[in-house]
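Quick look at protein_30.cif (mmCIF, C-alpha atoms and all ligand atoms):
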data_upload
loop_
_atom_site.label_atom_id
_atom_site.label_comp_id
_atom_site.auth_asym_id
_atom_site.auth_seq_id
_atom_site.Cartn_x
_atom_site.Cartn_y
_atom_site.Cartn_z
CA MET A 1 -9.74 -10.90 -15.00
CA ALA A 2 -12.29 -8.77 -13.22
CA ALA A 3 -13.44 -5.52 -14.65
CA GLN A 4 -12.00 -2.42 -13.05
CA ASP A 5 -13.07 1.02 -14.03
CA SER A 6 -10.32 3.42 -14.93
CA THR A 7 -8.37 0.84 -16.94
CA LEU A 8 -5.46 2.49 -18.72
CA LEU A 9 -3.14 -0.30 -19.68
CA GLU A 10 -4.20 -3.78 -20.57
CA ALA A 11 -2.60 -7.04 -21.66
CA LYS A 12 -4.94 -9.28 -23.62
CA SER A 13 -4.09 -12.97 -23.98
CA VAL A 14 -0.41 -12.05 -23.98
CA LYS A 15 2.08 -14.79 -24.72
CA VAL A 16 5.83 -14.42 -24.74
CA TYR A 17 7.62 -17.52 -25.95
CA TYR A 18 11.37 -17.85 -26.36
CA SER A 19 13.18 -20.43 -28.35
CA VAL A 20 16.03 -21.54 -26.13
CA ARG A 21 18.79 -24.03 -26.69
CA ARG A 22 18.74 -27.07 -24.49
CA GLY A 23 21.45 -29.58 -25.24
CA VAL A 24 21.35 -30.20 -28.96
CA SER A 25 17.81 -29.01 -29.60
CA ASN A 26 15.70 -25.90 -29.14
CA ILE A 27 12.74 -25.82 -26.80
CA LEU A 28 9.95 -23.31 -26.53
CA LEU A 29 10.12 -21.51 -23.21
CA LYS A 30 6.74 -20.05 -22.26
CA ALA A 31 7.78 -17.06 -20.15
CA VAL A 32 4.31 -15.52 -20.24
CA ASP A 33 1.51 -17.80 -21.27
CA ASP A 34 -1.87 -16.31 -22.11
CA VAL A 35 -2.09 -13.52 -19.55
CA ASP A 36 -4.90 -11.00 -19.19
CA PHE A 37 -3.95 -8.10 -16.99
CA LYS A 38 -5.14 -4.56 -16.30
CA VAL A 39 -3.64 -1.50 -14.69
CA GLY A 40 -5.92 1.43 -13.96
CA GLY A 41 -5.70 4.88 -12.45
CA GLY A 42 -5.72 5.23 -8.68
CA TYR A 43 -4.84 1.75 -7.57
CA ILE A 44 -1.84 -0.49 -7.17
CA ILE A 45 -1.91 -3.99 -8.52
CA GLY A 46 0.70 -6.31 -7.07
CA VAL A 47 2.14 -8.99 -9.33
CA VAL A 48 3.56 -11.71 -7.18
CA GLY A 49 5.26 -15.02 -7.87
CA GLU A 50 8.55 -16.84 -7.52
CA SER A 51 11.61 -15.94 -9.51
CA GLY A 52 11.30 -17.04 -13.12
CA CYS A 53 7.49 -17.04 -13.26
CA GLY A 54 7.40 -14.30 -15.91
CA LYS A 55 6.86 -11.07 -13.94
CA SER A 56 9.61 -9.02 -15.58
CA THR A 57 8.75 -10.33 -19.03
CA LEU A 58 5.14 -9.25 -18.52
CA ALA A 59 6.34 -5.81 -17.38
CA ARG A 60 8.61 -5.43 -20.43
CA VAL A 61 5.71 -6.25 -22.71
CA LEU A 62 3.35 -3.85 -20.90
CA SER A 63 5.95 -1.08 -21.17
CA GLY A 64 6.36 -1.63 -24.91
CA ILE A 65 10.06 -2.54 -24.58
CA GLU A 66 9.30 -5.99 -25.91
CA GLU A 67 6.69 -7.28 -28.35
CA PRO A 68 4.55 -10.24 -27.32
CA THR A 69 4.66 -13.42 -29.38
CA ASP A 70 0.89 -13.34 -29.41
CA GLY A 71 -1.90 -11.27 -27.91
CA GLU A 72 -1.78 -7.54 -27.50
CA VAL A 73 -1.21 -4.60 -25.22
CA LEU A 74 -3.71 -1.76 -25.22
CA PHE A 75 -3.31 1.73 -23.85
CA ASN A 76 -6.55 3.67 -23.50
CA GLY A 77 -8.12 0.92 -25.58
CA GLU A 78 -5.69 1.35 -28.46
CA SER A 79 -3.35 -1.44 -29.51
CA LEU A 80 0.35 -0.66 -29.30
CA ARG A 81 0.86 -2.44 -32.58
CA ARG A 82 -1.39 -0.04 -34.42
CA MET A 83 -0.23 3.21 -32.81
CA SER A 84 1.16 6.05 -34.88
CA ARG A 85 4.62 7.38 -34.00
CA SER A 86 3.22 10.33 -32.10
CA LYS A 87 0.79 8.14 -30.18
CA LYS A 88 3.66 5.78 -29.33
CA LYS A 89 5.66 8.70 -27.96
CA GLU A 90 2.69 9.72 -25.84
CA PHE A 91 2.42 6.11 -24.67
CA HIS A 92 6.09 6.09 -23.58
CA ARG A 93 5.55 9.31 -21.64
CA ASN A 94 2.53 7.86 -19.90
CA VAL A 95 3.87 4.41 -19.10
CA GLN A 96 7.11 4.39 -17.17
CA MET A 97 9.13 1.52 -15.82
CA ILE A 98 11.18 1.37 -12.62
CA PHE A 99 13.75 -1.41 -12.73
CA GLN A 100 14.88 -3.73 -9.97
CA ASP A 101 18.51 -2.70 -9.80
CA PRO A 102 19.07 1.06 -9.91
CA TYR A 103 22.85 0.57 -10.23
CA GLU A 104 22.24 -1.23 -13.50
CA ALA A 105 19.41 0.97 -14.73
CA ILE A 106 21.14 4.30 -14.15
CA ASN A 107 24.19 5.41 -16.07
CA ALA A 108 27.04 5.70 -13.55
CA ARG A 109 28.52 8.68 -15.42
CA TYR A 110 25.33 10.75 -15.33
CA THR A 111 24.60 13.24 -12.60
CA VAL A 112 21.28 13.02 -10.79
CA PHE A 113 20.13 16.05 -12.78
CA ASP A 114 20.93 14.48 -16.16
CA THR A 115 19.40 11.17 -15.13
CA VAL A 116 16.08 12.75 -14.18
CA ALA A 117 16.10 15.23 -17.07
CA GLU A 118 16.79 12.64 -19.74
CA GLY A 119 13.17 11.56 -20.19
CA LEU A 120 12.04 15.17 -20.47
CA ARG A 121 14.58 15.81 -23.22
CA VAL A 122 13.51 12.69 -25.10
CA GLN A 123 9.93 13.95 -24.89
CA GLY A 124 11.00 17.30 -26.34
CA VAL A 125 10.93 19.40 -23.17
CA LYS A 126 14.10 21.42 -23.72
CA GLU A 127 13.63 24.87 -22.22
CA LYS A 128 16.24 25.13 -19.47
CA GLY A 129 14.07 26.79 -16.85
CA VAL A 130 11.23 24.31 -17.36
CA VAL A 131 13.55 21.30 -17.25
CA GLU A 132 15.16 22.57 -14.06
CA GLU A 133 11.87 23.31 -12.39
CA ARG A 134 10.46 19.88 -13.21
CA VAL A 135 13.60 18.01 -12.17
CA HIS A 136 13.64 19.84 -8.84
CA ARG A 137 9.96 19.19 -8.28
CA ALA A 138 10.41 15.47 -8.99
CA LEU A 139 13.35 15.24 -6.58
CA GLU A 140 11.38 17.04 -3.86
CA TYR A 141 8.53 14.64 -4.45
CA VAL A 142 10.70 11.63 -3.67
CA ARG A 143 12.13 13.52 -0.69
CA LEU A 144 15.58 14.17 -2.10
CA SER A 145 15.54 17.56 -0.56
CA PRO A 146 16.77 20.21 -1.04
CA PRO A 147 17.17 19.14 -4.67
CA GLU A 148 20.21 21.40 -5.19
CA SER A 149 22.22 19.22 -2.85
CA PHE A 150 21.55 16.15 -5.01
CA THR A 151 21.48 17.33 -8.62
CA MET A 152 25.24 17.32 -9.21
CA ARG A 153 25.92 14.03 -7.49
CA LYS A 154 26.82 10.86 -9.35
CA PRO A 155 25.35 7.44 -8.43
CA PHE A 156 28.38 6.43 -6.33
CA GLU A 157 27.74 9.43 -4.08
CA LEU A 158 24.26 8.17 -3.16
CA SER A 159 23.01 5.42 -0.92
CA GLY A 160 21.03 2.56 -2.48
CA GLY A 161 17.76 4.03 -1.18
CA GLN A 162 18.59 7.48 -2.55
CA LEU A 163 19.52 6.04 -5.93
CA GLN A 164 16.28 4.09 -6.14
CA ARG A 165 14.42 7.30 -5.33
CA VAL A 166 16.28 8.97 -8.21
CA ALA A 167 15.00 6.13 -10.41
CA ILE A 168 11.47 6.83 -9.20
CA ALA A 169 11.92 10.59 -9.76
CA ARG A 170 13.09 9.82 -13.29
CA ALA A 171 9.86 7.92 -13.89
CA LEU A 172 7.60 10.47 -12.17
CA VAL A 173 9.10 13.57 -13.80
CA LEU A 174 7.12 12.81 -16.94
CA GLU A 175 3.91 12.66 -14.89
CA PRO A 176 3.01 9.24 -16.26
CA LYS A 177 -0.41 7.72 -15.87
CA VAL A 178 1.05 4.28 -15.19
CA VAL A 179 4.21 3.10 -13.49
CA LEU A 180 5.47 -0.45 -13.78
CA ALA A 181 7.70 -1.01 -10.78
CA ASP A 182 9.72 -4.20 -11.16
CA GLU A 183 10.91 -5.30 -7.70
CA PRO A 184 11.81 -1.67 -6.90
CA VAL A 185 12.90 -2.33 -3.33
CA SER A 186 14.43 -5.78 -3.52
CA MET A 187 17.96 -4.33 -3.63
CA LEU A 188 17.37 -2.06 -0.65
CA ASP A 189 17.85 -2.50 3.07
CA VAL A 190 14.66 -3.18 4.94
CA SER A 191 15.11 0.10 6.83
CA VAL A 192 14.73 2.24 3.69
CA ARG A 193 12.15 0.12 1.90
CA ALA A 194 9.13 1.75 3.53
CA GLU A 195 10.04 5.27 2.44
CA VAL A 196 10.52 4.16 -1.17
CA LEU A 197 7.24 2.23 -1.11
CA ASN A 198 5.41 5.14 0.46
CA THR A 199 6.52 7.34 -2.45
CA LEU A 200 4.67 5.03 -4.83
CA ILE A 201 1.62 4.88 -2.59
CA LYS A 202 1.63 8.68 -2.38
CA ALA A 203 1.84 9.01 -6.19
CA LYS A 204 -1.15 6.72 -6.47
CA SER A 205 -3.20 8.78 -4.01
CA ASP A 206 -2.15 12.31 -5.03
CA ARG A 207 -1.92 11.83 -8.76
CA GLY A 208 -4.35 9.00 -9.41
CA MET A 209 -1.48 7.08 -10.94
CA GLY A 210 -1.88 3.40 -11.74
CA VAL A 211 0.92 1.17 -10.49
CA ALA A 212 1.85 -2.41 -11.22
CA PHE A 213 4.03 -3.41 -8.30
CA ILE A 214 6.08 -6.48 -9.07
CA THR A 215 7.53 -8.53 -6.27
CA HIS A 216 8.35 -12.08 -5.26
CA ASP A 217 7.20 -11.23 -1.72
CA ILE A 218 3.47 -11.64 -1.09
CA ALA A 219 3.69 -9.83 2.26
CA LEU A 220 5.11 -6.79 0.48
CA ALA A 221 2.48 -7.04 -2.26
CA ASP A 222 -0.19 -7.11 0.43
CA TYR A 223 1.26 -4.03 2.16
CA VAL A 224 1.43 -1.95 -1.00
CA SER A 225 -1.34 -3.17 -3.26
CA ASP A 226 -5.09 -2.81 -3.63
CA TYR A 227 -5.28 -5.82 -5.95
CA VAL A 228 -3.00 -8.80 -6.33
CA ALA A 229 -2.33 -11.07 -9.30
CA VAL A 230 -0.45 -14.27 -8.51
CA MET A 231 1.71 -15.67 -11.29
CA TYR A 232 2.93 -19.21 -11.60
CA LEU A 233 4.92 -20.51 -14.58
CA GLY A 234 3.86 -17.74 -16.93
CA LYS A 235 0.18 -17.72 -15.98
CA VAL A 236 -1.94 -15.60 -13.66
CA VAL A 237 -3.37 -18.27 -11.39
CA GLU A 238 -5.24 -16.00 -8.99
CA TYR A 239 -6.45 -12.45 -8.89
CA GLY A 240 -8.52 -10.38 -6.51
CA ARG A 241 -8.50 -7.65 -3.91
CA ALA A 242 -5.25 -7.92 -1.94
CA ASP A 243 -7.07 -8.48 1.35
CA ASP A 244 -9.23 -11.23 -0.11
CA VAL A 245 -6.36 -13.02 -1.79
CA VAL A 246 -4.23 -12.97 1.35
CA SER A 247 -6.96 -13.81 3.84
CA ASN A 248 -8.80 -16.27 1.65
CA PRO A 249 -6.57 -17.61 -1.12
CA LEU A 250 -8.46 -19.73 -3.61
CA HIS A 251 -5.57 -21.26 -5.46
CA PRO A 252 -3.41 -23.83 -3.69
CA TYR A 253 -0.27 -22.17 -5.03
CA THR A 254 -1.29 -18.85 -3.48
CA GLN A 255 -2.06 -20.70 -0.27
CA ALA A 256 1.40 -22.23 -0.34
CA ILE A 257 3.27 -18.97 -0.82
CA ILE A 258 1.24 -17.31 1.92
CA ASP A 259 1.86 -20.16 4.31
CA ALA A 260 5.58 -19.89 3.64
CA VAL A 261 5.54 -16.36 5.12
CA PRO A 262 5.51 -16.57 8.90
CA LEU A 263 4.27 -13.00 9.33
CA ILE A 264 1.02 -13.27 7.47
CA GLY A 265 0.49 -17.00 7.11
CA LYS A 266 -2.31 -18.13 9.35
CA LYS A 267 -1.04 -21.68 9.58
CA PHE A 268 2.06 -23.15 11.12
CA VAL A 269 4.98 -22.48 8.80
CA ASP A 270 5.45 -25.55 6.71
CA ARG A 271 7.81 -25.14 3.83
CA GLU A 272 6.88 -28.61 2.67
CA LEU A 273 3.68 -27.04 1.46
CA ILE A 274 5.42 -25.99 -1.70
CA LYS A 275 6.42 -29.38 -2.86
CA GLY A 276 7.73 -30.78 -6.07
CA GLU A 277 10.48 -29.36 -8.20
CA ILE A 278 11.34 -25.72 -8.29
CA SER A 279 9.32 -23.94 -10.93
CA SER A 280 11.16 -22.93 -14.03
CA ALA A 281 9.76 -22.25 -17.43
CA MET A 282 12.85 -24.03 -18.73
CA ASN A 283 11.91 -27.15 -16.89
CA VAL A 284 8.17 -27.30 -16.37
CA PRO A 285 7.69 -29.67 -13.47
CA SER A 286 5.88 -32.92 -14.14
CA GLN A 287 4.32 -32.62 -10.73
CA PRO A 288 2.90 -29.15 -10.09
CA ARG A 289 4.06 -27.56 -6.85
CA CYS A 290 0.72 -27.95 -5.26
CA LEU A 291 -0.78 -29.98 -2.46
CA ASP A 292 -4.01 -30.51 -4.28
CA ALA A 293 -2.58 -31.35 -7.67
CA SER A 294 -5.00 -33.51 -9.54
CA LEU A 295 -5.48 -34.87 -13.02
CA HIS A 296 -7.19 -31.64 -14.04
CA CYS A 297 -4.12 -29.55 -13.43
CA GLY A 298 -2.50 -30.23 -16.76
CA SER A 299 -5.52 -29.04 -18.77
CA THR A 300 -4.74 -26.48 -21.37
CA ARG A 301 -7.29 -23.83 -20.53
CA LEU A 302 -7.59 -22.57 -16.99
CA LEU A 303 -11.08 -21.85 -15.80
CA PRO A 304 -12.08 -18.85 -13.77
CA VAL A 305 -13.89 -19.99 -10.68
CA ARG A 306 -15.36 -16.66 -9.76
CA ARG A 307 -15.18 -13.44 -11.66
CA GLU A 308 -13.49 -11.76 -8.73
CA PRO A 309 -11.49 -12.98 -7.05
CA PHE A 310 -10.32 -15.08 -9.94
CA SER A 311 -8.58 -18.39 -9.52
CA ALA A 312 -7.32 -20.57 -12.29
CA CYS A 313 -7.44 -23.69 -10.18
CA HIS A 314 -9.32 -26.79 -11.21
CA GLY A 315 -9.05 -28.36 -7.78
CA LEU A 316 -12.17 -29.84 -6.22
CA ARG A 317 -11.35 -27.93 -3.04
CA ILE A 318 -11.82 -24.71 -4.94
CA PHE A 319 -14.95 -25.73 -6.78
CA SER A 320 -16.63 -26.59 -3.52
CA VAL A 321 -16.07 -23.09 -2.08
N1 LIG B 1 15.22 -12.92 -23.44
C1 LIG B 1 15.00 -14.13 -22.94
N2 LIG B 1 15.37 -15.25 -23.61
C2 LIG B 1 15.13 -16.48 -23.12
N3 LIG B 1 14.50 -16.72 -21.95
C3 LIG B 1 14.11 -15.65 -21.23
C4 LIG B 1 14.33 -14.31 -21.68
N4 LIG B 1 13.81 -13.46 -20.74
C5 LIG B 1 13.31 -14.23 -19.76
N5 LIG B 1 13.48 -15.55 -20.05
C6 LIG B 1 13.02 -16.68 -19.24
O1 LIG B 1 11.65 -16.49 -19.04
C7 LIG B 1 11.26 -16.93 -17.73
C8 LIG B 1 10.61 -15.76 -16.99
O2 LIG B 1 11.60 -14.80 -16.69
P1 LIG B 1 11.28 -13.43 -15.94
O3 LIG B 1 10.18 -12.75 -16.65
O4 LIG B 1 12.57 -12.71 -15.82
O5 LIG B 1 10.78 -13.95 -14.53
P2 LIG B 1 10.67 -13.18 -13.13
O6 LIG B 1 10.78 -11.71 -13.39
O7 LIG B 1 9.34 -13.58 -12.57
O8 LIG B 1 11.79 -13.68 -12.27
C9 LIG B 1 12.53 -17.43 -17.07
O9 LIG B 1 12.57 -18.83 -17.23
C10 LIG B 1 13.62 -16.74 -17.84
O10 LIG B 1 14.80 -17.50 -17.83
MG MG B 2 12.13 -10.31 -12.58
#

Have the structure of the file written as structure tokens, please.
Amino acid sequence: MAAQDSTLLEAKSVKVYYSVRRGVSNILLKAVDDVDFKVGGGYIIGVVGESGCGKSTLARVLSGIEEPTDGEVLFNGESLRRMSRSKKKEFHRNVQMIFQDPYEAINARYTVFDTVAEGLRVQGVKEKGVVEERVHRALEYVRLSPPESFTMRKPFELSGGQLQRVAIARALVLEPKVVLADEPVSMLDVSVRAEVLNTLIKAKSDRGMGVAFITHDIALADYVSDYVAVMYLGKVVEYGRADDVVSNPLHPYTQAIIDAVPLIGKKFVDRELIKGEISSAMNVPSQPRCLDASLHCGSTRLLPVRREPFSACHGLRIFSV
């Protein structure tokens, strides 16, 4: 993957394999398969791909919730595996995750105040006045204003958009350097999506925060992101500046998902473009979902075509670019 200055968080050759039962035997499910990935200060990298391609697993590994089977995660160049306890705590303060479903991620019995304050308490910020000031500031930041009218509410007293903004406030209250946002607006009505997304864009611009924005929607990734990484069956198959990837996709899979979106696809919408079986790491298709699938496609090691944008495609169409 291309070099970006300001790299804070990095996955190096990360693999996450699960042993799953299938009938009478166990198979190895390659949820994330040899991924290199970087998040750096001041830009948003979109991670896009169909359901099941490994986006959430990659995010869990980057956030330190889950250990990779192989490869490593580095923060400021230091491997998570080798971090001392105090460094690990600093890592957890600096790398925050926003989950897809705020109703699941937020304790229904907690007030907004306790939800947002929890991370501060875990990090040892206990002084009442300081906690209150920081919680209020975080709520103002996500436009839950005035904060006093929200702090004592419980999740059921908030709309979906408000609750997701509480989830973002909970992440931002620690002033992290990196936020991993896993489909943060997919549960929200289209009408409130923009304001939630703009909060993340604002945090990037004002605070120089790095954001990995995970979505199955390439149009959304394009709207929010500076860079885009396209995942397919556990691998990053294409990477580059969002504009380049969307206007000039190098990988046939990227081409196919763009063409399936009427708004930004340049071609006539043709859902047949994504052919073959639905992708699932449980059932790796014998025929890749690609128009240009060739004999090369099953090769073990994917080759970068250009340094940036990067495409993992072996197709002749790509090599002749
Ligand atoms: N804990 C787990 N055990 C077994 N399989 C898993 C586990 N977590 C995820 N998977 C599988 O790994 C693949 C990738 O899942 P996920 O990362 O959730 O994809 P995405 O977020 O892109 O939808 C899927 O096939 C999923 O079923
Ligand atoms: Mg997911």

Requested in this report: Considering only C-alpha atoms and all ligand atoms, state which residue in the set A:Phe156, A:Phe91, A:Tyr18, A:Tyr103 is at the smallest distance from ligand LIG 1 (chain B).
Outcome: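 The shortest atom-to-atom distance to ligand LIG 1 (chain B) comes from A:Tyr18.
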
Quick one: residues within 7 Å of ligand MG 2 (chain B), with all atoms listed in the file, as an mmCIF file with C-alpha atoms, in the frame of the given file?
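Everything below was put into out22.cif:
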data_model
loop_
_atom_site.group_PDB
_atom_site.id
_atom_site.type_symbol
_atom_site.label_atom_id
_atom_site.label_comp_id
_atom_site.auth_asym_id
_atom_site.auth_seq_id
_atom_site.Cartn_x
_atom_site.Cartn_y
_atom_site.Cartn_z
ATOM 1 C CA SER A 51 11.610 -15.940 -9.510
ATOM 2 C CA GLY A 52 11.300 -17.040 -13.120
ATOM 3 C CA LYS A 55 6.860 -11.070 -13.940
ATOM 4 C CA SER A 56 9.610 -9.020 -15.580
ATOM 5 C CA ASP A 182 9.720 -4.200 -11.160
#

Query - d(atom CA of Val32 of chain A, atom CA of Gly54 of chain A) in Å - result: 5.5 Å

Query - Separation of atom CA of Ile257 of chain A from atom CA of Thr215 of chain A, in Å and rounded to one decimal - result: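 According to the coordinates, atom CA of Ile257 of chain A and atom CA of Thr215 of chain A are separated by 12.5 Å.
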
Given all atoms listed in the file, how would the per-residue table for chain A near ligand LIG 1 (chain B) read, listing every residue at most 9 Å away with its closest atom pair and distance in Å to one decimal, sorted by chain and number, as JSON lines?
{"residue": "A:Val16", "atom": "CA", "partner": "B:LIG1", "partner_atom": "O1", "distance": 8.4}
{"residue": "A:Tyr17", "atom": "CA", "partner": "B:LIG1", "partner_atom": "N3", "distance": 8.0}
{"residue": "A:Tyr18", "atom": "CA", "partner": "B:LIG1", "partner_atom": "C2", "distance": 5.1}
{"residue": "A:Ser19", "atom": "CA", "partner": "B:LIG1", "partner_atom": "C2", "distance": 6.8}
{"residue": "A:Val20", "atom": "CA", "partner": "B:LIG1", "partner_atom": "C2", "distance": 6.0}
{"residue": "A:Leu29", "atom": "CA", "partner": "B:LIG1", "partner_atom": "N3", "distance": 6.6}
{"residue": "A:Lys30", "atom": "CA", "partner": "B:LIG1", "partner_atom": "O1", "distance": 6.9}
{"residue": "A:Ala31", "atom": "CA", "partner": "B:LIG1", "partner_atom": "O1", "distance": 4.1}
{"residue": "A:Val32", "atom": "CA", "partner": "B:LIG1", "partner_atom": "C8", "distance": 7.1}
{"residue": "A:Val48", "atom": "CA", "partner": "B:LIG1", "partner_atom": "O7", "distance": 8.1}
{"residue": "A:Gly49", "atom": "CA", "partner": "B:LIG1", "partner_atom": "O7", "distance": 6.4}
{"residue": "A:Glu50", "atom": "CA", "partner": "B:LIG1", "partner_atom": "O7", "distance": 6.1}
{"residue": "A:Ser51", "atom": "CA", "partner": "B:LIG1", "partner_atom": "O8", "distance": 3.6}
{"residue": "A:Gly52", "atom": "CA", "partner": "B:LIG1", "partner_atom": "O5", "distance": 3.4}
{"residue": "A:Cys53", "atom": "CA", "partner": "B:LIG1", "partner_atom": "O7", "distance": 4.0}
{"residue": "A:Gly54", "atom": "CA", "partner": "B:LIG1", "partner_atom": "O3", "distance": 3.3}
{"residue": "A:Lys55", "atom": "CA", "partner": "B:LIG1", "partner_atom": "O7", "distance": 3.8}
{"residue": "A:Ser56", "atom": "CA", "partner": "B:LIG1", "partner_atom": "O6", "distance": 3.7}
{"residue": "A:Thr57", "atom": "CA", "partner": "B:LIG1", "partner_atom": "O3", "distance": 3.7}
{"residue": "A:Leu58", "atom": "CA", "partner": "B:LIG1", "partner_atom": "O3", "distance": 6.4}
{"residue": "A:Ala59", "atom": "CA", "partner": "B:LIG1", "partner_atom": "O3", "distance": 8.0}
{"residue": "A:Arg60", "atom": "CA", "partner": "B:LIG1", "partner_atom": "O3", "distance": 8.4}
{"residue": "A:Asp182", "atom": "CA", "partner": "B:LIG1", "partner_atom": "O6", "distance": 7.9}
{"residue": "A:Glu183", "atom": "CA", "partner": "B:LIG1", "partner_atom": "O6", "distance": 8.6}
{"residue": "A:Ile214", "atom": "CA", "partner": "B:LIG1", "partner_atom": "O6", "distance": 8.3}
{"residue": "A:Thr215", "atom": "CA", "partner": "B:LIG1", "partner_atom": "O7", "distance": 8.3}
{"residue": "A:His216", "atom": "CA", "partner": "B:LIG1", "partner_atom": "O7", "distance": 7.5}
{"residue": "A:Met231", "atom": "CA", "partner": "B:LIG1", "partner_atom": "O7", "distance": 8.0}
{"residue": "A:Tyr232", "atom": "CA", "partner": "B:LIG1", "partner_atom": "O7", "distance": 8.6}
{"residue": "A:Leu233", "atom": "CA", "partner": "B:LIG1", "partner_atom": "C8", "distance": 7.8}
{"residue": "A:Gly234", "atom": "CA", "partner": "B:LIG1", "partner_atom": "C8", "distance": 7.0}
{"residue": "A:Ser279", "atom": "CA", "partner": "B:LIG1", "partner_atom": "O9", "distance": 8.7}
{"residue": "A:Ser280", "atom": "CA", "partner": "B:LIG1", "partner_atom": "O9", "distance": 5.4}
{"residue": "A:Ala281", "atom": "CA", "partner": "B:LIG1", "partner_atom": "O9", "distance": 4.4}
{"residue": "A:Met282", "atom": "CA", "partner": "B:LIG1", "partner_atom": "O9", "distance": 5.4}
{"residue": "A:Asn283", "atom": "CA", "partner": "B:LIG1", "partner_atom": "O9", "distance": 8.4}

For C-alpha atoms, I'd like the residues from the last selection saved as a short mmCIF file (atom, residue, chain, number, x, y, z; two decimals), in the frame of the given file.
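Produced file part.cif, reproduced below:
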data_model
loop_
_atom_site.label_atom_id
_atom_site.label_comp_id
_atom_site.auth_asym_id
_atom_site.auth_seq_id
_atom_site.Cartn_x
_atom_site.Cartn_y
_atom_site.Cartn_z
CA VAL A 16 5.83 -14.42 -24.74
CA TYR A 17 7.62 -17.52 -25.95
CA TYR A 18 11.37 -17.85 -26.36
CA SER A 19 13.18 -20.43 -28.35
CA VAL A 20 16.03 -21.54 -26.13
CA LEU A 29 10.12 -21.51 -23.21
CA LYS A 30 6.74 -20.05 -22.26
CA ALA A 31 7.78 -17.06 -20.15
CA VAL A 32 4.31 -15.52 -20.24
CA VAL A 48 3.56 -11.71 -7.18
CA GLY A 49 5.26 -15.02 -7.87
CA GLU A 50 8.55 -16.84 -7.52
CA SER A 51 11.61 -15.94 -9.51
CA GLY A 52 11.30 -17.04 -13.12
CA CYS A 53 7.49 -17.04 -13.26
CA GLY A 54 7.40 -14.30 -15.91
CA LYS A 55 6.86 -11.07 -13.94
CA SER A 56 9.61 -9.02 -15.58
CA THR A 57 8.75 -10.33 -19.03
CA LEU A 58 5.14 -9.25 -18.52
CA ALA A 59 6.34 -5.81 -17.38
CA ARG A 60 8.61 -5.43 -20.43
CA ASP A 182 9.72 -4.20 -11.16
CA GLU A 183 10.91 -5.30 -7.70
CA ILE A 214 6.08 -6.48 -9.07
CA THR A 215 7.53 -8.53 -6.27
CA HIS A 216 8.35 -12.08 -5.26
CA MET A 231 1.71 -15.67 -11.29
CA TYR A 232 2.93 -19.21 -11.60
CA LEU A 233 4.92 -20.51 -14.58
CA GLY A 234 3.86 -17.74 -16.93
CA SER A 279 9.32 -23.94 -10.93
CA SER A 280 11.16 -22.93 -14.03
CA ALA A 281 9.76 -22.25 -17.43
CA MET A 282 12.85 -24.03 -18.73
CA ASN A 283 11.91 -27.15 -16.89
#

Report summary line: note - atom CA of Asn248 of chain A and atom CA of Leu180 of chain A are separated by 26.3 Å

Requested in this report: Compile the contact shell of segment 78-87 of chain A as JSON, numbers by chain: residues with an atom at most 12 Å away, counting only C-alpha atoms, same-chain residues fewer than 3 positions apart removed.
Outcome: {"A": [7, 8, 9, 10, 11, 12, 61, 62, 63, 64, 65, 66, 67, 68, 70, 71, 72, 73, 74, 75, 90, 91, 92, 93, 94, 95, 123, 124]}

Query raised in the report: Taking all atoms listed in the file into account, which of A:Val211, A:Ala221, A:Arg109, A:Gln162 comes nearest Val192 of chain A?
Result: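 Among A:Val211, A:Ala221, A:Arg109, A:Gln162, it is A:Gln162 that comes nearest to Val192 of chain A.
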